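Report on the following structure.
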Amino acid sequence: MTEIDSVHLKTVEQRLLWLSHWMIHHANHIRPNPDGIKVGGHQASSASMVSIMTALYFSALRPEDRVAVKPHAGPVFHAMQYMMGHLDRERMEAFRGFGGVQSYPSRTKDVDDVDFSTGSVGLGVAITSFASLVQDYIAAKEWGADLPLGRMVALVGDAELDEGNIYEALQEGWKNDLRNCWWVIDYNRQSLDGIVREGLFERVEKIFDAFGWDVVRVKYGALQRAAFEEPGGNALRDWIDACPNAEYSALTYQGGAVWRQRLMDDLGDQGDVTALIERRSDAELAALMENLGGNCVQTMADVFASIEHDRPTCFLAYTIKGWGTPIAGHKDNHGGLMTRAQMAEWQAHMGVPEGQEWERFAGVADAEGLRGFLDEVPFFARGVRRYTDDRLPAPAISGATDREISTQMAFGKILDGLAKGDSALVGRIVTTSPDVTGTTSLGPWVNRRKLFARTSRPDAFIEHRIPSTAKWEFTPKGQHIELGIAEMNLFLLLGAAGLSHSLFGKRLIPIGTVYDPFVHRGLDALNYASYQDARFIIAGTPSGVTLAPEGGAHQSVGTPLTGMAQDGLASFEPAFADELAVIMEWAFDYLQRDGEGDPDERTWLRDETGGSVYLRLTTKPLEQPGKRHDDAFRQGAIDGAYWLRPPGPNCEVVIAYQGAVADEAIAAAGMIGGARRDVGVLAVTSADRLNAGWTAAQRERARGNTGAVAHVERLLAALPHECALVTAIDGHPATLGWLGAVAGHRTIPHGVEHFGQTGTIGDLYRHFRIDRHALAASVQGLTSGAPVL
């Protein structure tokens with residue numbers, strides 16, 4: 001790196017330090033605050049990262065690289081985009097306000113070029129390793145061979161290393177021969193509640209080394225390294241190495257005079273060391289002691305430039321939290337803010353004239369030179385790096401023809417049928433599962449499409465001619481990525497693969513399977529993937545207490561409500577194979593949509609925006625209803641419900657069910673048919689979509705559109721007011737209990753509210769009152785105006 005580069009990097013660093021802190025100060029002390037509470041913004045956490053980010057973005061990165069920014073360094077990222085002219089002042093002034101730049105970098109809520117959303121700490125770190133794996137997967141395919149390989153970079157707060165999902169990701173990365181991944185740890189040794197324990201870096205290094213990472217310790221800045229070369233410098237370095245974290249932070253906060261007193265007390269020898277200290281003013285001494293490697297932009301740029309291999313690399317960059325500001329080193333500075341007085345004094349120190357606080361190049365002596373430098377920064381050469389890829393036509397899907405079949409088995413047969421074809425979409429499907437590939441019916445797909453690895457690995461059982469239903473052959477052409485038992489990794493991989501069209505310009509159709517109760521074990525990562533607008537299909541199977549012999553630990557209760565509540569995820573629970581076929585054919589197209597989101601007046605759902613899909617499936621075989629091809633059935637299955645048995649004009653009872661209890665609901669309707677008139681059976685395939693359409697239609701009517709009618713409202717419109725609804729689901733009863741509110745019908749919800757246990761399906765259905773006799777008893781207990789006891 002030339003000297004002029006070093007000069008301009010230092011200028012950029014100081015501009016980013018100022019702009020990031022000013023936007024936070026403006027939000028907390030200048031902008032009107034009707035709520036009267038602190039807006040926040042993490043000034044100190046931004047300061048500790050500013051040198052690292054300057055060196056990274058303005059020296060090391062190329063356009064094909066992707067970065068997950070430490071959440072609390074979001075202001076530095078936005079300041080950088082603002083300085084490059086990619087973000088307007090209005091949004092900067094509205095930082096942490098409605099319509100302004102977000103508290104933490106967001107792909108979906110920010111307008112600047114965010115690669116990965118961050119905010120739920122640890123997840124932004126781990127997804128970079130899975131993005132690297134996805135990059136390798138694409139590059140190994142004929143249709144992805146032209147992909148330029150970039151580095152997937154995570155900027156990590158040292159306190160984030162407490163998050164367990166990071167270590168799960170490290171193990172998965174080792175198993176999959178991870179490469180082109182950098183994690184830069186901001187080792188400022190301070191967290192929200194205090195000072196990080198002594199010796200953490202030694203454990204960090206050992207952990208990363210054990211998983212095959214290169215570890216680069218960046219402890220000393222250029223000023224410190226130069227001082228160490230002076231007479232007495234070895235003693236100063238030894239003192240720095242031995243100084244406890246808390247002590248170093250406290251001395252930093254107190255400043256140069258206190259540094260001088262302490263160093264003289266500990267090291268003063270009336271010789272070389274004393275002379276080293278006395279050659280520096282208080283300000284120079286403070287600058288020297290705060291010049292740790294991570295706070296030295298030249299050092300960080302040199303270190304990044306020194307890496308010429310593709311092995312995963314961890315940079316342990318020592319920093320001062322709050323570096324360069326009046327609150328540097330204070331143990332309360334994580335959520336602390338500079339006062340008005342501190343900011344005024346610091347503004348003068350930073351050389352920013354009053355009234356020019358928002359100027360991109362305020363106080364820069366060589367503004368034209370800086371503009372020229374910024375114009376040549378490689379990372380920004382292509383502008384915003386949001387790519388896309390052509391939509392792939394969804395192949396026609398035929399449902400299984402078995403007389404009796406479970407939805408889990410039908411799911412496996414559908415994928416096996418697709419695997420036999422050669423459509424463009426099928427070539428982009430990538431499946432994954434956390435060590436439950438066979439038990440979630442992905443086995444036939446994997447046997448045909450094989451497992452992915454960058455280098456081929458044969459199946460020893462095939463080589464030794466040992467009979468096995470599983471043909472686990474690893475090859476670069478493989479279309480299944482096998483994971484260990486870590487559901488967080490499953491959803492992080494689905495998140496990374498589900499962004500491939502945007503990150504790499506190559507569309508993937510990711511499909512994951514997991515035992516349904518363990519959807520909740522990976523729920524944070526599922527929410528994270530959805531927040532980024534990643535596109536994937538997740539099949540939760542087996543589900544409910546219907547998985548009877550497995551006991552309560554493997555039985556799911558709340559997942560239907562999760563499916564309803566999770567934004568960005570369309571949730572379905574089909575009962576029959578033909579429903580599943582219709583839904584999956586629709587889902588393959590839905591995953592690829594990226595429209596404006598105008599509501600469909602038929603359902604009031606914003607389906608043109610697209611999203612991910614959750615399928616809650618079961619192992620319980622059901623007798624199939626026969627061939628159904630009518631539009632009402634097909635569209636109803638997608639919209640969320642259809643009449644399996646239409647109600648008559650004098651209908652007294654409707655039984656509405658979702659999922660595996662279909663046979664119990666149908667049988668109950670038959671049992672009560674002789675005593676109740678015109679009984680209807682409503683097949684609900686998606687309480688999520690029914691409910692979303694209903695609430696959206698209500699909002700539209702509140703805005704004055706009296707003609708807004710939801711799909712569920714049309715379904716229930718013809719029912720007499722005195723008609724009762726009995727709902728049934730192998731899941732929480734609240735999933736369908738709201739149906740009575742649509743048109744004011746009395747509702748008796750049946751479902752599961754407590755942990756299950758082992759037993760037969762019949763035992764558990766009777767225990768939880770979701771069997772046909774319990775449903776019929778609820779109907780028989782109906783009397784006008786009286787509650788059912």
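Letters for chains follow the order of the structure tokens (A, B, ...), residue numbers begin at 1 for each chain, and ligand numbers begin at 1 in the order shown.
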Residues within 6 Å of region 9-20 of chain A, please, as a ChimeraX atom specification. Count only C-alpha atoms; anything in the same chain fewer than 5 positions from it doesn't count. /A:51,54,75-76,79
Using only C-alpha atoms, please write the residues we just selected to a file, as an mmCIF file, in the first residue's frame.
```
data_model
loop_
_atom_site.group_PDB
_atom_site.id
_atom_site.type_symbol
_atom_site.label_atom_id
_atom_site.label_comp_id
_atom_site.auth_asym_id
_atom_site.auth_seq_id
_atom_site.Cartn_x
_atom_site.Cartn_y
_atom_site.Cartn_z
ATOM 1 C CA SER A 51 -10.626 1.403 11.695
ATOM 2 C CA THR A 54 -12.315 1.424 6.867
ATOM 3 C CA PRO A 75 -23.954 3.451 12.285
ATOM 4 C CA VAL A 76 -20.474 3.116 10.768
ATOM 5 C CA ALA A 79 -22.049 6.555 7.528
#
```
What lies within 12 Å of Glu93 (chain A) using only C-alpha atoms, ignoring chain neighbours under 3 positions off, as an mmCIF file with N, CA and C atoms, in the first residue's frame?
```cif
data_model
loop_
_atom_site.group_PDB
_atom_site.id
_atom_site.type_symbol
_atom_site.label_atom_id
_atom_site.label_comp_id
_atom_site.auth_asym_id
_atom_site.auth_seq_id
_atom_site.Cartn_x
_atom_site.Cartn_y
_atom_site.Cartn_z
ATOM 1 N N LEU A 19 -19.145 10.959 11.403
ATOM 2 C CA LEU A 19 -20.513 10.849 10.872
ATOM 3 C C LEU A 19 -21.337 9.819 11.644
ATOM 4 N N SER A 20 -20.729 8.700 12.004
ATOM 5 C CA SER A 20 -21.465 7.683 12.750
ATOM 6 C C SER A 20 -21.874 8.203 14.117
ATOM 7 N N HIS A 21 -20.990 8.955 14.756
ATOM 8 C CA HIS A 21 -21.309 9.464 16.089
ATOM 9 C C HIS A 21 -22.266 10.653 16.024
ATOM 10 N N TRP A 22 -22.134 11.453 14.981
ATOM 11 C CA TRP A 22 -23.037 12.584 14.864
ATOM 12 C C TRP A 22 -24.468 12.118 14.618
ATOM 13 N N MET A 23 -24.670 11.101 13.798
ATOM 14 C CA MET A 23 -26.034 10.642 13.512
ATOM 15 C C MET A 23 -26.683 10.112 14.791
ATOM 16 N N ILE A 24 -25.880 9.482 15.638
ATOM 17 C CA ILE A 24 -26.412 8.991 16.914
ATOM 18 C C ILE A 24 -26.720 10.156 17.842
ATOM 19 N N HIS A 25 -25.808 11.102 17.911
ATOM 20 C CA HIS A 25 -26.015 12.276 18.759
ATOM 21 C C HIS A 25 -27.239 13.064 18.295
ATOM 22 N N HIS A 26 -27.372 13.238 16.995
ATOM 23 C CA HIS A 26 -28.514 13.976 16.443
ATOM 24 C C HIS A 26 -29.822 13.296 16.824
ATOM 25 N N ALA A 27 -29.862 11.976 16.747
ATOM 26 C CA ALA A 27 -31.087 11.242 17.056
ATOM 27 C C ALA A 27 -31.463 11.351 18.527
ATOM 28 N N ASN A 28 -30.464 11.466 19.394
ATOM 29 C CA ASN A 28 -30.726 11.463 20.835
ATOM 30 C C ASN A 28 -30.841 12.850 21.452
ATOM 31 N N HIS A 29 -30.154 13.853 20.875
ATOM 32 C CA HIS A 29 -30.078 15.149 21.532
ATOM 33 C C HIS A 29 -30.601 16.323 20.715
ATOM 34 N N ILE A 30 -30.818 16.119 19.422
ATOM 35 C CA ILE A 30 -31.232 17.248 18.576
ATOM 36 C C ILE A 30 -32.604 17.021 17.952
ATOM 37 N N ARG A 31 -32.821 15.852 17.396
ATOM 38 C CA ARG A 31 -34.101 15.554 16.760
ATOM 39 C C ARG A 31 -35.210 15.535 17.804
ATOM 40 N N PRO A 32 -36.403 16.073 17.494
ATOM 41 C CA PRO A 32 -37.510 16.007 18.451
ATOM 42 C C PRO A 32 -37.762 14.575 18.899
ATOM 43 N N PRO A 75 -24.151 2.041 12.630
ATOM 44 C CA PRO A 75 -23.954 3.451 12.285
ATOM 45 C C PRO A 75 -22.730 3.703 11.416
ATOM 46 N N HIS A 78 -23.726 2.715 7.837
ATOM 47 C CA HIS A 78 -24.583 3.723 7.201
ATOM 48 C C HIS A 78 -23.793 4.997 6.898
ATOM 49 N N ALA A 79 -22.897 5.388 7.793
ATOM 50 C CA ALA A 79 -22.049 6.555 7.528
ATOM 51 C C ALA A 79 -21.197 6.332 6.282
ATOM 52 N N TYR A 82 -23.383 6.724 3.278
ATOM 53 C CA TYR A 82 -23.680 8.152 3.117
ATOM 54 C C TYR A 82 -22.488 8.878 2.497
ATOM 55 N N LEU A 87 -26.611 6.998 0.203
ATOM 56 C CA LEU A 87 -27.652 7.182 1.209
ATOM 57 C C LEU A 87 -27.874 8.676 1.385
ATOM 58 N N ASP A 88 -29.138 9.071 1.490
ATOM 59 C CA ASP A 88 -29.439 10.495 1.578
ATOM 60 C C ASP A 88 -29.430 10.985 3.023
ATOM 61 N N ARG A 89 -29.290 12.285 3.162
ATOM 62 C CA ARG A 89 -29.213 12.885 4.495
ATOM 63 C C ARG A 89 -30.523 12.715 5.259
ATOM 64 N N GLU A 90 -31.635 12.748 4.557
ATOM 65 C CA GLU A 90 -32.932 12.624 5.235
ATOM 66 C C GLU A 90 -33.017 11.327 6.023
ATOM 67 N N ARG A 96 -32.866 5.460 13.383
ATOM 68 C CA ARG A 96 -33.693 4.847 14.420
ATOM 69 C C ARG A 96 -35.072 5.489 14.531
ATOM 70 N N GLY A 97 -35.455 6.226 13.531
ATOM 71 C CA GLY A 97 -36.795 6.777 13.446
ATOM 72 C C GLY A 97 -37.541 6.139 12.289
ATOM 73 N N PHE A 98 -38.826 6.393 12.200
ATOM 74 C CA PHE A 98 -39.650 5.775 11.157
ATOM 75 C C PHE A 98 -39.192 6.255 9.784
ATOM 76 N N GLY A 99 -38.876 5.290 8.917
ATOM 77 C CA GLY A 99 -38.413 5.625 7.582
ATOM 78 C C GLY A 99 -36.935 5.925 7.478
ATOM 79 N N GLY A 100 -36.237 5.925 8.611
ATOM 80 C CA GLY A 100 -34.809 6.204 8.591
ATOM 81 C C GLY A 100 -33.990 4.941 8.533
ATOM 82 N N VAL A 101 -32.662 5.107 8.564
ATOM 83 C CA VAL A 101 -31.805 3.930 8.571
ATOM 84 C C VAL A 101 -32.044 3.156 9.866
ATOM 85 N N GLN A 102 -31.938 1.852 9.748
ATOM 86 C CA GLN A 102 -32.320 0.977 10.849
ATOM 87 C C GLN A 102 -31.269 0.937 11.955
ATOM 88 N N GLU A 357 -21.979 19.776 10.160
ATOM 89 C CA GLU A 357 -21.928 18.455 10.787
ATOM 90 C C GLU A 357 -22.278 17.320 9.820
ATOM 91 N N TRP A 358 -23.198 17.603 8.880
ATOM 92 C CA TRP A 358 -23.628 16.568 7.944
ATOM 93 C C TRP A 358 -22.832 16.580 6.637
#
```
Kindly assemble as a Markdown table a list of the region 365-414 of chain A residues that lie within 6 Å of region 504-507 of chain A, each paired with its nearest atom pair and their distance in Å to one decimal, using only C-alpha atoms, sorted first by chain and then by ascending residue number.
```
| residue | atom | partner | partner_atom | distance |
| --- | --- | --- | --- | --- |
| A:Tyr387 | CA | A:Gly505 | CA | 4.9 |
| A:Thr388 | CA | A:Gly505 | CA | 5.0 |
| A:Asp389 | CA | A:Gly505 | CA | 5.5 |
```
CA of Ala242 (chain A) to CA of Leu263 (chain A), straight-line distance in Å: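 CA of Leu263 (chain A) sits 12.7 Å away from CA of Ala242 (chain A).
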Between A:Gly322, A:Gly707, A:Gly540, A:Gly659, which is the closest to Ile729 (chain A) once you count only C-alpha atoms?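 Between A:Gly322, A:Gly707, A:Gly540, A:Gly659, the residue approaching Ile729 (chain A) most closely is A:Gly659.
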Just want the 9 Å neighbourhood of Ser441 (chain A), counted on only C-alpha atoms, with same-chain residues fewer than 2 positions away dropped. Output as a VMD selection string. chain A and resid 408 to 413 436 to 439 443 to 445 513
Using the selection just defined, write its residues with C-alpha atoms as an mmCIF file, in the first residue's frame.
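What follows is the written file part-v9.cif:
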```cif
data_model
loop_
_atom_site.group_PDB
_atom_site.id
_atom_site.type_symbol
_atom_site.label_atom_id
_atom_site.label_comp_id
_atom_site.auth_asym_id
_atom_site.auth_seq_id
_atom_site.Cartn_x
_atom_site.Cartn_y
_atom_site.Cartn_z
ATOM 1 C CA GLN A 408 -44.812 -37.129 4.645
ATOM 2 C CA MET A 409 -44.683 -40.117 2.308
ATOM 3 C CA ALA A 410 -46.447 -38.129 -0.425
ATOM 4 C CA PHE A 411 -43.840 -35.382 -0.019
ATOM 5 C CA GLY A 412 -41.055 -37.910 -0.573
ATOM 6 C CA LYS A 413 -42.807 -39.359 -3.626
ATOM 7 C CA VAL A 436 -32.981 -36.781 9.511
ATOM 8 C CA THR A 437 -32.816 -37.168 5.739
ATOM 9 C CA GLY A 438 -34.100 -40.726 5.674
ATOM 10 C CA THR A 439 -36.741 -40.366 8.359
ATOM 11 C CA GLY A 443 -34.035 -40.700 0.838
ATOM 12 C CA PRO A 444 -35.338 -41.412 -2.700
ATOM 13 C CA TRP A 445 -34.457 -37.875 -3.842
ATOM 14 C CA THR A 513 -36.754 -31.071 6.333
#
```
Proximity of region 500-585 of chain A to region 731-740 of chain A: per-residue shortest pair, 10 Å limit, only C-alpha atoms, as JSON lines:
```
{"residue": "A:Ser543", "atom": "CA", "partner": "A:Gly731", "partner_atom": "CA", "distance": 8.6}
{"residue": "A:Gly544", "atom": "CA", "partner": "A:Gly731", "partner_atom": "CA", "distance": 6.0}
{"residue": "A:Val545", "atom": "CA", "partner": "A:Gly731", "partner_atom": "CA", "distance": 7.9}
{"residue": "A:Thr546", "atom": "CA", "partner": "A:Gly731", "partner_atom": "CA", "distance": 9.7}
{"residue": "A:Gln555", "atom": "CA", "partner": "A:Gly731", "partner_atom": "CA", "distance": 9.4}
{"residue": "A:Ser556", "atom": "CA", "partner": "A:Gly731", "partner_atom": "CA", "distance": 7.0}
{"residue": "A:Val557", "atom": "CA", "partner": "A:Gly731", "partner_atom": "CA", "distance": 4.5}
{"residue": "A:Gly558", "atom": "CA", "partner": "A:His732", "partner_atom": "CA", "distance": 5.7}
{"residue": "A:Thr559", "atom": "CA", "partner": "A:Gly731", "partner_atom": "CA", "distance": 7.4}
{"residue": "A:Pro560", "atom": "CA", "partner": "A:Thr735", "partner_atom": "CA", "distance": 6.4}
{"residue": "A:Leu561", "atom": "CA", "partner": "A:Thr735", "partner_atom": "CA", "distance": 5.9}
{"residue": "A:Thr562", "atom": "CA", "partner": "A:Thr735", "partner_atom": "CA", "distance": 9.6}
{"residue": "A:Gly563", "atom": "CA", "partner": "A:Thr735", "partner_atom": "CA", "distance": 9.6}
{"residue": "A:Met564", "atom": "CA", "partner": "A:Thr735", "partner_atom": "CA", "distance": 8.0}
```
Using DSSP on the backbone, list every residue of region 316-457 of chain A that comes out as alpha helix (DSSP H), and give them as number ranges by chain. A: 340-350, 367-375, 407-419, 424-428, 443-449
All strand (DSSP E) positions in region 492-672 of chain A, as a ChimeraX atom specification: /A:509-514,537-540,569-572,612-616,622-623,641-645,653-658
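Nearest to Met80 (chain A) of all the residues A:Ile405, A:Leu374, A:Ile327, A:Val446 is A:Leu374, based on only C-alpha atoms.
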Measuring atom to atom with only C-alpha atoms, identify which of A:Arg340, A:Arg217, A:Arg714, A:His42 is nearest to Phe315 (chain A). A:Arg217
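By only C-alpha atoms, and with residues fewer than 4 positions from Arg385 (chain A) along its chain excluded, the set lying at most 10 Å from it is Pro63, Glu64, Asp65, Arg66, Asp113, Val114, Asp115, Phe379, Phe380, Ala381, Ser502, Leu503, Phe504 and Gly505 of chain A.
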